[in-house]
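Asker: Please find one structure pasted underneath; my questions will follow.
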Amino acid sequence: MHMNCMNTEIHNRIALFRAERGMTRKELAEAVAVNPQTIGYLERGDYKPSLELGMKIAAVFDVPIAVLFSFTPFESVADALRRTGEI
Amino acid sequence: MSYDPNKWHQEQLRNRPRNLSSKLLMGFGLVFVLGCAIAFPILGPAYPHTSFPVFGLAMPALTGAAFTPFSRGIWGNSKSTKFDEFEQHSLNRAAMIAYRIIIPLAALLCFWCAIGLSNNWPIPSTSNHWGQIGWTFLTFGLVLPAFIAELIIPMPPKADLEDDA
């Protein structure tokens, strides 16, 4: 399968995991050694992180990097709950 | 343990938030210093020996640059000036755009001097004029990359700033 990755949008679930862990942007920023405002730019998709930063964030949440970042949009939590029949 | 103002200053540099006033101050300051560099040779024949404090003209732009996180490489020590990858990426883009502005300005100055001499146009002629022009380029080199970084990177939403506080 050929995938043109140039200029491809990268979707992420940093905000979701951060909220789930009860972390502030500042705490996550300190954990991965970046400016707190950089976390905001990452969460809004204004900036694509390097592989190193992506792996550091995944390590903080203790999940594989593919759980946090994707070329395709993530399913919303509400849709996932509907699909599993929980709501 | 004693109070260390330098340590506080370096810490403050690293976590400095962005603000609109520093962006405006840099923008107006750059226009002002460039306007003065252009106006001095034009007014020069009337005031050939004016000793104007050229350093003072750049103060608005330099003051604005002192309050933006994108220029902390100029002011801080190596620990506090370490940019994260997003800031470094933004500054690299901004520096590239700044070069594209500064180089044509320098070329335009050379071109103006070359043809101005034969056409009797006002050209820089005294050390004061050249001092002003040199100071203008120095100010542009110091401030323009940070100013462009402020322009090309959207300001964080208020919610971000409240969360960071």
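Every chain in the structure tokens takes a letter, A first, then B, and so on in the order presented; its residues are numbered from 1, and the ligands are numbered from 1 following the presented order.
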From a DSSP pass on the backbone, collect the residues of chain A flagged as strand (DSSP E) and hand them back as a PDB file with C-alpha atoms, in the first residue's frame.

Answerer:
```
ATOM      1  CA  HIS A  11      -4.144  13.452  14.462  1.00  0.00           C
ATOM      2  CA  ASN A  12      -3.482  12.933  18.137  1.00  0.00           C
ATOM      3  CA  PHE A  69      -0.914   9.528  16.924  1.00  0.00           C
ATOM      4  CA  SER A  70      -2.582   8.571  13.658  1.00  0.00           C
TER       5      SER A  70
END
```

Asker: Name the residues in contact with A:Ala66 at a cut-off of 12 Å, using only C-alpha atoms, excluding same-chain residues fewer than 4 positions from it; report them as a CSV table (one decimal) with N, CA and C atoms, in the first residue's frame.

Answerer:
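The new file part02.csv reads:
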```
chain,number,residue,atom,x,y,z
A,10,ILE,N,-1.5,14.9,11.0
A,10,ILE,CA,-1.3,13.9,12.0
A,10,ILE,C,-2.3,14.2,13.1
A,11,HIS,N,-3.2,13.3,13.4
A,11,HIS,CA,-4.1,13.5,14.5
A,11,HIS,C,-3.6,12.9,15.8
A,12,ASN,N,-4.0,13.5,16.9
A,12,ASN,CA,-3.5,12.9,18.1
A,12,ASN,C,-4.6,13.0,19.2
A,13,ARG,N,-4.3,12.2,20.3
A,13,ARG,CA,-5.2,12.1,21.4
A,13,ARG,C,-4.6,12.5,22.7
A,14,ILE,N,-3.6,13.5,22.5
A,14,ILE,CA,-2.9,13.9,23.7
A,14,ILE,C,-3.8,14.6,24.7
A,51,LEU,N,9.6,12.4,16.1
A,51,LEU,CA,9.5,11.1,16.6
A,51,LEU,C,9.9,11.0,18.1
A,54,GLY,N,7.2,12.6,20.3
A,54,GLY,CA,6.0,11.7,20.2
A,54,GLY,C,6.2,10.5,21.1
A,55,MET,N,7.4,9.9,21.1
A,55,MET,CA,7.7,8.8,21.9
A,55,MET,C,7.8,9.1,23.4
A,57,ILE,N,6.1,11.5,24.9
A,57,ILE,CA,4.7,11.7,25.3
A,57,ILE,C,4.0,10.4,25.5
A,58,ALA,N,4.2,9.5,24.6
A,58,ALA,CA,3.6,8.1,24.7
A,58,ALA,C,4.2,7.4,26.0
A,59,ALA,N,5.4,7.6,26.3
A,59,ALA,CA,6.0,7.0,27.5
A,59,ALA,C,5.4,7.6,28.7
A,62,ASP,N,2.3,5.9,29.1
A,62,ASP,CA,2.6,4.5,29.1
A,62,ASP,C,1.7,3.7,28.1
A,70,SER,N,-2.1,9.3,14.8
A,70,SER,CA,-2.6,8.6,13.7
A,70,SER,C,-2.7,9.5,12.4
A,71,PHE,N,-2.6,8.9,11.3
A,71,PHE,CA,-2.8,9.7,10.0
A,71,PHE,C,-4.3,9.9,9.8
A,72,THR,N,-5.1,9.0,10.4
A,72,THR,CA,-6.6,9.1,10.2
A,72,THR,C,-7.2,9.7,11.5
A,74,PHE,N,-9.2,10.1,14.8
A,74,PHE,CA,-9.6,9.1,15.8
A,74,PHE,C,-11.1,9.1,16.0
```

Asker: Looking at only C-alpha atoms, which of B:Pro41, B:Pro154, B:Gly27, B:Gly35 is the one that sits closest to B:Pro122?

Answerer: B:Pro41

Asker: Please return, as a PyMOL selection string, all residues of chain A lying within 12 Å of chain B when only C-alpha atoms are considered.

Answerer: chain A and resi 15+23-30+32-44+46-54
